[in-house]
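The structure file entry.cif is reproduced below (mmCIF, C-alpha atoms and all ligand atoms).
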data_upload
#
loop_
_atom_site.group_PDB
_atom_site.id
_atom_site.type_symbol
_atom_site.label_atom_id
_atom_site.label_comp_id
_atom_site.auth_asym_id
_atom_site.auth_seq_id
_atom_site.Cartn_x
_atom_site.Cartn_y
_atom_site.Cartn_z
ATOM 1 C CA MET A 1 81.990 90.255 118.839
ATOM 2 C CA THR A 2 81.497 93.972 119.353
ATOM 3 C CA VAL A 3 83.390 96.570 117.367
ATOM 4 C CA ALA A 4 85.304 97.540 120.510
ATOM 5 C CA ALA A 5 86.305 93.928 121.164
ATOM 6 C CA ASN A 6 87.489 93.536 117.563
ATOM 7 C CA ILE A 7 89.687 96.614 117.871
ATOM 8 C CA LEU A 8 91.173 95.362 121.127
ATOM 9 C CA ARG A 9 91.946 91.981 119.642
ATOM 10 C CA ILE A 10 93.677 93.462 116.596
ATOM 11 C CA LYS A 11 95.740 95.734 118.832
ATOM 12 C CA GLU A 12 96.855 92.709 120.840
ATOM 13 C CA TYR A 13 98.336 91.217 117.705
ATOM 14 C CA LEU A 14 99.972 94.412 116.503
ATOM 15 C CA PRO A 15 103.299 95.768 117.737
ATOM 16 C CA GLU A 16 102.588 98.726 119.977
ATOM 17 C CA GLU A 17 104.190 101.273 117.643
ATOM 18 C CA VAL A 18 101.961 100.373 114.695
ATOM 19 C CA LYS A 19 99.057 102.787 114.306
ATOM 20 C CA LEU A 20 95.620 101.324 113.634
ATOM 21 C CA VAL A 21 93.326 103.250 111.317
ATOM 22 C CA ALA A 22 89.813 101.836 111.720
ATOM 23 C CA VAL A 23 88.336 101.996 108.215
ATOM 24 C CA SER A 24 84.713 102.955 108.794
ATOM 25 C CA LYS A 25 83.629 103.530 105.181
ATOM 26 C CA THR A 26 79.990 102.585 104.540
ATOM 27 C CA LYS A 27 79.376 102.168 108.295
ATOM 28 C CA PRO A 28 76.922 104.424 110.157
ATOM 29 C CA THR A 29 78.018 107.091 112.599
ATOM 30 C CA ASN A 30 76.524 105.274 115.600
ATOM 31 C CA THR A 31 78.827 102.323 114.940
ATOM 32 C CA ILE A 32 81.810 104.664 114.723
ATOM 33 C CA PHE A 33 80.694 106.347 117.920
ATOM 34 C CA GLU A 34 80.600 102.981 119.646
ATOM 35 C CA ALA A 35 84.247 102.416 118.718
ATOM 36 C CA TYR A 36 85.063 105.972 119.746
ATOM 37 C CA GLN A 37 83.520 105.482 123.174
ATOM 38 C CA SER A 38 85.648 102.409 123.717
ATOM 39 C CA GLY A 39 88.685 104.678 123.304
ATOM 40 C CA HIS A 40 89.635 104.359 119.643
ATOM 41 C CA LYS A 41 90.084 107.759 117.996
ATOM 42 C CA ILE A 42 91.599 107.090 114.558
ATOM 43 C CA PHE A 43 89.292 106.407 111.614
ATOM 44 C CA GLY A 44 89.702 106.181 107.862
ATOM 45 C CA GLU A 45 87.280 106.976 105.047
ATOM 46 C CA ASN A 46 87.619 106.818 101.271
ATOM 47 C CA LYS A 47 84.781 109.062 100.047
ATOM 48 C CA VAL A 48 84.886 112.815 100.587
ATOM 49 C CA GLN A 49 81.134 113.368 100.944
ATOM 50 C CA GLU A 50 80.758 110.518 103.402
ATOM 51 C CA LEU A 51 83.709 111.706 105.451
ATOM 52 C CA LEU A 52 82.321 115.252 105.649
ATOM 53 C CA GLN A 53 78.985 114.010 106.947
ATOM 54 C CA LYS A 54 80.665 111.848 109.563
ATOM 55 C CA TYR A 55 83.054 114.617 110.566
ATOM 56 C CA GLU A 56 80.074 116.915 111.174
ATOM 57 C CA ALA A 57 78.162 114.322 113.176
ATOM 58 C CA LEU A 58 80.933 112.939 115.375
ATOM 59 C CA PRO A 59 83.222 114.293 118.146
ATOM 60 C CA LYS A 60 85.877 116.696 116.939
ATOM 61 C CA ASP A 61 88.821 114.953 118.571
ATOM 62 C CA ILE A 62 88.596 112.090 116.082
ATOM 63 C CA GLU A 63 91.713 111.794 113.914
ATOM 64 C CA TRP A 64 90.394 111.338 110.371
ATOM 65 C CA HIS A 65 92.530 109.742 107.671
ATOM 66 C CA PHE A 66 91.526 110.013 104.040
ATOM 67 C CA ILE A 67 92.529 106.742 102.376
ATOM 68 C CA GLY A 68 90.764 106.872 99.032
ATOM 69 C CA HIS A 69 91.438 108.241 95.596
ATOM 70 C CA LEU A 70 91.147 112.005 95.875
ATOM 71 C CA GLN A 71 89.958 114.317 93.118
ATOM 72 C CA THR A 72 91.592 117.738 93.041
ATOM 73 C CA ASN A 73 88.256 119.601 93.170
ATOM 74 C CA LYS A 74 87.428 117.983 96.527
ATOM 75 C CA VAL A 75 90.706 118.685 98.294
ATOM 76 C CA LYS A 76 89.404 121.945 99.720
ATOM 77 C CA TYR A 77 86.758 120.198 101.818
ATOM 78 C CA LEU A 78 89.236 117.891 103.532
ATOM 79 C CA VAL A 79 92.209 120.094 104.234
ATOM 80 C CA PRO A 80 90.640 122.058 107.112
ATOM 81 C CA PHE A 81 90.309 119.009 109.363
ATOM 82 C CA VAL A 82 91.881 115.859 107.985
ATOM 83 C CA ALA A 83 94.903 114.429 109.864
ATOM 84 C CA MET A 84 96.482 112.632 106.943
ATOM 85 C CA ILE A 85 95.857 112.101 103.240
ATOM 86 C CA HIS A 86 97.168 108.644 102.315
ATOM 87 C CA GLY A 87 96.578 108.537 98.594
ATOM 88 C CA ILE A 88 98.698 111.249 96.994
ATOM 89 C CA ASP A 89 99.312 109.785 93.557
ATOM 90 C CA SER A 90 100.311 112.751 91.431
ATOM 91 C CA PHE A 91 102.321 115.961 91.667
ATOM 92 C CA LYS A 92 99.243 117.829 90.496
ATOM 93 C CA LEU A 93 97.223 116.565 93.460
ATOM 94 C CA LEU A 94 99.995 117.401 95.913
ATOM 95 C CA LYS A 95 100.177 120.957 94.554
ATOM 96 C CA VAL A 96 96.439 121.401 95.041
ATOM 97 C CA VAL A 97 96.694 120.124 98.617
ATOM 98 C CA ASN A 98 99.515 122.613 99.197
ATOM 99 C CA ARG A 99 97.452 125.476 97.776
ATOM 100 C CA GLU A 100 94.420 124.649 99.915
ATOM 101 C CA ALA A 101 96.533 124.115 103.024
ATOM 102 C CA ALA A 102 98.140 127.532 102.454
ATOM 103 C CA ARG A 103 94.663 129.080 102.252
ATOM 104 C CA ASN A 104 93.884 127.526 105.620
ATOM 105 C CA ASN A 105 97.200 128.558 107.093
ATOM 106 C CA TRP A 106 97.859 124.889 107.649
ATOM 107 C CA ILE A 107 100.357 122.129 106.905
ATOM 108 C CA THR A 108 98.742 118.939 105.665
ATOM 109 C CA THR A 109 100.477 115.611 106.166
ATOM 110 C CA CYS A 110 100.442 113.493 103.013
ATOM 111 C CA LEU A 111 101.588 110.007 102.108
ATOM 112 C CA LEU A 112 102.772 109.186 98.606
ATOM 113 C CA GLN A 113 100.867 106.242 97.210
ATOM 114 C CA PHE A 114 102.847 103.730 95.180
ATOM 115 C CA HIS A 115 101.589 101.200 92.732
ATOM 116 C CA ILE A 116 102.806 97.858 94.119
ATOM 117 C CA ALA A 117 99.962 95.537 93.090
ATOM 118 C CA SER A 118 99.795 93.515 89.911
ATOM 119 C CA GLU A 119 96.299 94.823 89.142
ATOM 120 C CA SER A 120 96.338 97.815 86.848
ATOM 121 C CA THR A 121 93.351 99.380 88.606
ATOM 122 C CA LYS A 122 95.163 100.517 91.738
ATOM 123 C CA PHE A 123 96.348 104.083 91.824
ATOM 124 C CA GLY A 124 99.810 105.273 92.655
ATOM 125 C CA PHE A 125 103.085 106.780 91.613
ATOM 126 C CA LEU A 126 105.746 104.923 89.735
ATOM 127 C CA VAL A 127 109.086 105.428 91.475
ATOM 128 C CA PRO A 128 110.720 107.459 88.667
ATOM 129 C CA ASP A 129 107.798 109.900 88.631
ATOM 130 C CA ALA A 130 107.925 110.337 92.389
ATOM 131 C CA GLU A 131 111.677 110.902 92.227
ATOM 132 C CA GLU A 132 111.312 113.475 89.495
ATOM 133 C CA MET A 133 108.830 115.327 91.690
ATOM 134 C CA LEU A 134 110.910 115.099 94.863
ATOM 135 C CA ALA A 135 114.015 116.365 93.073
ATOM 136 C CA SER A 136 112.263 119.364 91.521
ATOM 137 C CA ASP A 137 112.546 123.004 92.580
ATOM 138 C CA GLU A 138 108.799 123.256 92.413
ATOM 139 C CA PHE A 139 108.476 120.560 95.081
ATOM 140 C CA ALA A 140 111.047 122.278 97.299
ATOM 141 C CA LYS A 141 108.861 125.377 97.310
ATOM 142 C CA LEU A 142 105.770 123.631 98.685
ATOM 143 C CA GLY A 143 105.593 124.991 102.204
ATOM 144 C CA ASN A 144 102.185 123.724 103.278
ATOM 145 C CA VAL A 145 102.488 119.976 102.807
ATOM 146 C CA LYS A 146 104.547 117.566 104.809
ATOM 147 C CA ILE A 147 105.419 114.225 103.244
ATOM 148 C CA GLY A 148 104.827 111.728 106.030
ATOM 149 C CA GLY A 149 105.876 108.608 104.145
ATOM 150 C CA VAL A 150 104.440 106.099 101.699
ATOM 151 C CA MET A 151 101.268 104.088 101.222
ATOM 152 C CA GLY A 152 100.423 101.065 99.139
ATOM 153 C CA MET A 153 97.846 98.381 98.529
ATOM 154 C CA ALA A 154 98.815 94.815 97.763
ATOM 155 C CA THR A 155 97.140 92.740 95.090
ATOM 156 C CA TYR A 156 93.765 91.286 96.073
ATOM 157 C CA THR A 157 94.815 87.642 96.243
ATOM 158 C CA ASP A 158 95.070 84.633 98.563
ATOM 159 C CA ASN A 159 98.709 84.281 97.578
ATOM 160 C CA MET A 160 100.385 85.634 100.694
ATOM 161 C CA LYS A 161 103.818 85.128 99.187
ATOM 162 C CA GLN A 162 102.957 87.656 96.533
ATOM 163 C CA VAL A 163 101.444 90.029 99.080
ATOM 164 C CA ARG A 164 104.583 89.830 101.198
ATOM 165 C CA LYS A 165 106.733 90.504 98.160
ATOM 166 C CA GLU A 166 104.687 93.608 97.348
ATOM 167 C CA PHE A 167 104.963 94.887 100.920
ATOM 168 C CA ARG A 168 108.733 94.406 100.724
ATOM 169 C CA GLU A 169 108.738 96.419 97.545
ATOM 170 C CA LEU A 170 106.969 99.288 99.310
ATOM 171 C CA VAL A 171 109.461 99.145 102.185
ATOM 172 C CA SER A 172 112.329 99.299 99.729
ATOM 173 C CA ILE A 173 110.736 102.310 98.030
ATOM 174 C CA PHE A 174 110.396 103.946 101.440
ATOM 175 C CA ASN A 175 114.076 103.279 102.210
ATOM 176 C CA LEU A 176 115.223 104.578 98.845
ATOM 177 C CA LEU A 177 113.265 107.826 99.195
ATOM 178 C CA LYS A 178 114.256 108.224 102.824
ATOM 179 C CA ASN A 179 117.951 107.981 101.957
ATOM 180 C CA LYS A 180 117.795 110.159 98.895
ATOM 181 C CA TYR A 181 115.317 112.896 99.805
ATOM 182 C CA PHE A 182 114.366 112.766 103.485
ATOM 183 C CA LYS A 183 117.503 111.728 105.313
ATOM 184 C CA THR A 184 117.261 114.476 107.903
ATOM 185 C CA ASP A 185 113.487 114.843 107.814
ATOM 186 C CA ASP A 186 111.942 112.989 110.763
ATOM 187 C CA SER A 187 108.442 113.576 109.406
ATOM 188 C CA PHE A 188 109.094 111.053 106.649
ATOM 189 C CA ARG A 189 108.586 107.925 108.717
ATOM 190 C CA GLU A 190 105.309 106.175 107.876
ATOM 191 C CA ILE A 191 104.669 103.080 105.800
ATOM 192 C CA SER A 192 100.907 102.687 105.437
ATOM 193 C CA MET A 193 100.233 99.108 104.361
ATOM 194 C CA GLY A 194 98.115 96.205 105.556
ATOM 195 C CA MET A 195 94.355 95.636 105.565
ATOM 196 C CA SER A 196 92.047 93.054 107.198
ATOM 197 C CA ASP A 197 93.449 90.030 105.398
ATOM 198 C CA ASP A 198 97.115 90.912 105.386
ATOM 199 C CA TYR A 199 97.845 93.251 108.280
ATOM 200 C CA LEU A 200 99.939 90.757 110.226
ATOM 201 C CA ILE A 201 102.186 90.185 107.224
ATOM 202 C CA ALA A 202 102.372 93.947 106.729
ATOM 203 C CA ALA A 203 103.385 94.441 110.365
ATOM 204 C CA GLU A 204 106.080 91.784 110.019
ATOM 205 C CA GLU A 205 107.419 93.566 106.985
ATOM 206 C CA GLY A 206 107.634 96.952 108.683
ATOM 207 C CA SER A 207 104.283 98.676 108.344
ATOM 208 C CA THR A 208 103.794 101.623 110.701
ATOM 209 C CA ILE A 209 100.104 102.209 109.860
ATOM 210 C CA VAL A 210 97.555 99.492 109.113
ATOM 211 C CA ARG A 211 94.133 100.322 107.647
ATOM 212 C CA ILE A 212 91.557 97.800 108.811
ATOM 213 C CA GLY A 213 87.850 97.794 107.980
ATOM 214 C CA SER A 214 85.989 94.512 107.736
ATOM 215 C CA LYS A 215 87.900 92.778 110.558
ATOM 216 C CA ILE A 216 86.562 95.502 112.850
ATOM 217 C CA PHE A 217 83.158 96.427 111.458
ATOM 218 C CA GLY A 218 82.158 93.290 109.589
ATOM 219 C CA LYS A 219 81.675 92.781 105.898
ATOM 220 C CA ARG A 220 80.622 95.660 103.679
ATOM 221 C CA ASN A 221 78.005 95.411 100.948
ATOM 222 C CA TYR A 222 80.093 97.517 98.641
ATOM 223 C CA ILE A 223 83.623 98.891 98.427
HETATM 224 C C1 LIG A 301 88.580 99.697 102.335
HETATM 225 C C2 LIG A 301 90.028 99.997 102.466
HETATM 226 C C3 LIG A 301 90.790 99.412 103.481
HETATM 227 C C4 LIG A 301 90.238 98.419 104.487
HETATM 228 O O1 LIG A 301 89.865 97.222 103.861
HETATM 229 P P1 LIG A 301 89.455 95.928 104.708
HETATM 230 O O2 LIG A 301 89.833 94.791 103.823
HETATM 231 O O3 LIG A 301 87.997 96.007 104.961
HETATM 232 O O4 LIG A 301 90.245 95.928 105.965
HETATM 233 C C5 LIG A 301 92.115 99.768 103.573
HETATM 234 N N1 LIG A 301 92.675 100.642 102.719
HETATM 235 C C6 LIG A 301 91.982 101.219 101.725
HETATM 236 C C7 LIG A 301 92.666 102.167 100.820
HETATM 237 C C8 LIG A 301 90.633 100.908 101.566
HETATM 238 O O5 LIG A 301 89.950 101.485 100.565
#

Before anything else, please render the file you have as structure tokens.
Amino acid sequence: MTVAANILRIKEYLPEEVKLVAVSKTKPTNTIFEAYQSGHKIFGENKVQELLQKYEALPKDIEWHFIGHLQTNKVKYLVPFVAMIHGIDSFKLLKVVNREAARNNWITTCLLQFHIASESTKFGFLVPDAEEMLASDEFAKLGNVKIGGVMGMATYTDNMKQVRKEFRELVSIFNLLKNKYFKTDDSFREISMGMSDDYLIAAEEGSTIVRIGSKIFGKRNYI
């Protein structure tokens, strides 16, 4: 199967309103370009250096999503061109994104990452910490970031019951925050969840963005 055919097949299974981010990490630019030429324009990367190289090499109408763990000292490289930062996991990081976006005269769309998996290694806010941030005056003053919604990663397991439960947890976090802090803010609308092995479950549970790598590009040799 070609990359283009894989993308088409996944889109057939997905509800039309769910956005597909093709996760191209570790894959060469010519493979990404092949997908691009078939009409897919939304790609995700998790390493800043790799994303910068690909951004330089590829057409400028690609919508790049940063899906990895982001260090504050690298924010400045992404802000000028990235469409969405999925992994905002601290107030400190959000403030740096705001500062860099202000420098670029820009508003950067960010998703708040929540820790929903049972593994302790996955990054993300705990709900009370996110609420403390969202309720603060300091947050209210951030004029150069837009909170687009939430993001989460389920536990790496074959137990789809557990995965579904974790996706439901993320949806309930989204609903809680929506009602309490973003009731009249239409920008807060995305739930980024679902990867190659669980995207159909994620879509059933209300995902609006799925991030799919290996089902499109084949297995990776490393993360
Ligand atoms: C790698 C990665 C994905 C895609 O994983 P696949 O299992 O290859 O689909 C999705 N989200 C994040 C945050 C990733 O790092």

For ligand LIG 301 (chain A), the nearest of the candidates A:Lys41, A:Arg189, A:Lys47, A:Lys180, counting only C-alpha atoms and all ligand atoms: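 Among the listed residues, the smallest separation from ligand LIG 301 (chain A) belongs to A:Lys47.
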
Give the answer as one residue: which of A:Lys27, A:Arg103, A:Lys76, A:Lys60 has the shortest atom-to-atom distance to ligand LIG 301 (chain A), using all atoms listed in the file?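 Selected residue with least distance to ligand LIG 301 (chain A): A:Lys27.
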
Just the residues within 6 Å of range 95-100 of chain A, please, counting only C-alpha atoms, with nothing from its chain fewer than 2 positions along; format it as a PyMOL selection string. chain A and resi 76+92-93+102-103+144-145

Given all atoms listed in the file, how would the per-residue table for chain A near ligand LIG 301 (chain A) read, listing every residue at most 7 Å away with its closest atom pair and distance in Å to one decimal, sorted by chain and number, as CSV?
residue,atom,partner,partner_atom,distance
A:Val23,CA,A:LIG301,C4,5.5
A:Lys25,CA,A:LIG301,C1,6.9
A:Asn46,CA,A:LIG301,O5,5.9
A:Ile67,CA,A:LIG301,C7,4.8
A:Gly68,CA,A:LIG301,C7,5.4
A:Met153,CA,A:LIG301,C7,6.8
A:Met195,CA,A:LIG301,O4,4.1
A:Ser196,CA,A:LIG301,O4,3.6
A:Asp197,CA,A:LIG301,O2,6.2
A:Arg211,CA,A:LIG301,C5,4.6
A:Ile212,CA,A:LIG301,O4,3.7
A:Gly213,CA,A:LIG301,O3,3.5
A:Ser214,CA,A:LIG301,O3,3.7
A:Lys215,CA,A:LIG301,O4,6.0
A:Ile223,CA,A:LIG301,C1,6.4

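Shortest atom-to-atom contact with Arg220 in chain A among A:Ser24, A:Asn73, A:Asn175, A:Gln53: A:Ser24, counting all atoms listed in the file.
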
List every residue of range 55-135 of chain A that has an atom at most 12 Å from any atom of range 14-21 of chain A, and for each one report the closest atom pair and its distance in Å to one decimal, counting all atoms listed in the file, with rows sorted by chain and then by increasing residue number, as a tab-separated table.
residue	atom	partner	partner_atom	distance
A:Ile62	CA	A:Val21	CA	11.1
A:Glu63	CA	A:Val21	CA	9.1
A:Trp64	CA	A:Val21	CA	8.7
A:His65	CA	A:Val21	CA	7.5
A:Phe66	CA	A:Val21	CA	10.1
A:Ile67	CA	A:Val21	CA	9.6
A:Ala83	CA	A:Val21	CA	11.4
A:Met84	CA	A:Val21	CA	10.8
A:His86	CA	A:Val21	CA	11.2

For the residues in that selection, give me C-alpha atoms as a CSV table (one decimal), in the frame of the given file.
chain,number,residue,atom,x,y,z
A,62,ILE,CA,88.6,112.1,116.1
A,63,GLU,CA,91.7,111.8,113.9
A,64,TRP,CA,90.4,111.3,110.4
A,65,HIS,CA,92.5,109.7,107.7
A,66,PHE,CA,91.5,110.0,104.0
A,67,ILE,CA,92.5,106.7,102.4
A,83,ALA,CA,94.9,114.4,109.9
A,84,MET,CA,96.5,112.6,106.9
A,86,HIS,CA,97.2,108.6,102.3

Place a sphere of radius 7 Å on (102.1, 107.5, 91.2) in the file coordinates and name every protein, DNA or RNA residue with an atom inside or on its surface, counting only C-alpha atoms; give the answer as a ChimeraX atom specification. /A:89-90,113-115,123-126,129-130

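Between CA of Ile191 in chain A and CA of Glu12 in chain A the interatomic distance comes to 19.9 Å.
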
Kindly extract all protein, DNA and RNA residues lying within 10 Å of the coordinates (89.3, 105.7, 119.5) given in the file, considering only C-alpha atoms, and supply them as a PyMOL selection string. chain A and resi 4+7+20-22+32-43+61-63

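Each of A:Val75, A:Tyr13, A:Ile147, A:Gly44 was checked against Ala203 in chain A using only C-alpha atoms; the smallest atom-to-atom distance is that of A:Tyr13.
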
Of the residues A:Leu176, A:Val79, A:Ile85, A:Ala154, which is the one nearest to Ala117 in chain A, using all atoms listed in the file?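 Closest to Ala117 in chain A, using all atoms listed in the file: A:Ala154.
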
For Ser172 in chain A: contacts at 12 Å, all atoms listed in the file, fewer than 2 positions along chain excluded, given as a JSON list (two decimals) with C-alpha atoms, in the coordinates of the input:
[["chain", "number", "residue", "atom", "x", "y", "z"],
["A", 114, "PHE", "CA", 102.85, 103.73, 95.18],
["A", 116, "ILE", "CA", 102.81, 97.86, 94.12],
["A", 127, "VAL", "CA", 109.09, 105.43, 91.48],
["A", 150, "VAL", "CA", 104.44, 106.10, 101.70],
["A", 165, "LYS", "CA", 106.73, 90.50, 98.16],
["A", 166, "GLU", "CA", 104.69, 93.61, 97.35],
["A", 167, "PHE", "CA", 104.96, 94.89, 100.92],
["A", 168, "ARG", "CA", 108.73, 94.41, 100.72],
["A", 169, "GLU", "CA", 108.74, 96.42, 97.54],
["A", 170, "LEU", "CA", 106.97, 99.29, 99.31],
["A", 174, "PHE", "CA", 110.40, 103.95, 101.44],
["A", 175, "ASN", "CA", 114.08, 103.28, 102.21],
["A", 176, "LEU", "CA", 115.22, 104.58, 98.84],
["A", 177, "LEU", "CA", 113.26, 107.83, 99.20],
["A", 178, "LYS", "CA", 114.26, 108.22, 102.82],
["A", 179, "ASN", "CA", 117.95, 107.98, 101.96],
["A", 191, "ILE", "CA", 104.67, 103.08, 105.80],
["A", 205, "GLU", "CA", 107.42, 93.57, 106.98],
["A", 206, "GLY", "CA", 107.63, 96.95, 108.68],
["A", 207, "SER", "CA", 104.28, 98.68, 108.34]]

What gap, in Å, lies between CA of Gly194 in chain A and CA of Glu45 in chain A? 15.3 Å

Would you work out the distance separating CA of Thr208 in chain A from CA of Glu190 in chain A, expressed in Å to one decimal?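 We find that CA of Thr208 in chain A and CA of Glu190 in chain A lie 5.6 Å from each other.
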
Top pick for closest residue to Val210 in chain A, considering A:Tyr77, A:Met160, A:Lys11, A:Gly87 and counting only C-alpha atoms: A:Lys11

Write out as a list in words the residues lying within 10 Å of Ser118 in chain A, counting all atoms listed in the file and excluding same-chain residues fewer than 5 positions away.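 Once the nearby chain positions are removed, what remains is Ala154, Thr155, Tyr156, Thr157, Gln162, Val163 and Glu166 of chain A.
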
Those residues with C-alpha atoms, as a PDB file, keeping the file's coordinate frame please?
ATOM      1  CA  ALA A 154      98.815  94.815  97.763  1.00  0.00           C
ATOM      2  CA  THR A 155      97.140  92.740  95.090  1.00  0.00           C
ATOM      3  CA  TYR A 156      93.765  91.286  96.073  1.00  0.00           C
ATOM      4  CA  THR A 157      94.815  87.642  96.243  1.00  0.00           C
ATOM      5  CA  GLN A 162     102.957  87.656  96.533  1.00  0.00           C
ATOM      6  CA  VAL A 163     101.444  90.029  99.080  1.00  0.00           C
ATOM      7  CA  GLU A 166     104.687  93.608  97.348  1.00  0.00           C
TER       8      GLU A 166
END

Reconstructed range 22-35 of chain A, atom set N, CA and C atoms, as a short mmCIF file (atom, residue, chain, number, x, y, z; two decimals), in the frame of the given file:
data_model
loop_
_atom_site.label_atom_id
_atom_site.label_comp_id
_atom_site.auth_asym_id
_atom_site.auth_seq_id
_atom_site.Cartn_x
_atom_site.Cartn_y
_atom_site.Cartn_z
N ALA A 22 91.04 102.62 111.85
CA ALA A 22 89.81 101.84 111.72
C ALA A 22 89.04 102.36 110.51
N VAL A 23 88.95 101.54 109.48
CA VAL A 23 88.34 102.00 108.22
C VAL A 23 86.82 101.82 108.31
N SER A 24 86.15 102.95 108.48
CA SER A 24 84.71 102.96 108.79
C SER A 24 83.84 103.25 107.59
N LYS A 25 84.40 103.25 106.40
CA LYS A 25 83.63 103.53 105.18
C LYS A 25 82.39 102.64 105.11
N THR A 26 81.31 103.22 104.68
CA THR A 26 79.99 102.58 104.54
C THR A 26 79.29 102.31 105.88
N LYS A 27 79.98 102.48 106.99
CA LYS A 27 79.38 102.17 108.30
C LYS A 27 78.75 103.42 108.90
N PRO A 28 77.63 103.26 109.61
CA PRO A 28 76.92 104.42 110.16
C PRO A 28 77.67 105.09 111.31
N THR A 29 77.32 106.34 111.55
CA THR A 29 78.02 107.09 112.60
C THR A 29 77.83 106.46 113.98
N ASN A 30 76.68 105.85 114.25
CA ASN A 30 76.52 105.27 115.60
C ASN A 30 77.49 104.12 115.85
N THR A 31 77.84 103.40 114.79
CA THR A 31 78.83 102.32 114.94
C THR A 31 80.21 102.91 115.21
N ILE A 32 80.52 104.00 114.51
CA ILE A 32 81.81 104.66 114.72
C ILE A 32 81.86 105.22 116.15
N PHE A 33 80.74 105.77 116.58
CA PHE A 33 80.69 106.35 117.92
C PHE A 33 80.90 105.27 119.00
N GLU A 34 80.40 104.10 118.71
CA GLU A 34 80.60 102.98 119.65
C GLU A 34 82.10 102.68 119.79
N ALA A 35 82.79 102.65 118.67
CA ALA A 35 84.25 102.42 118.72
C ALA A 35 84.95 103.57 119.42
#
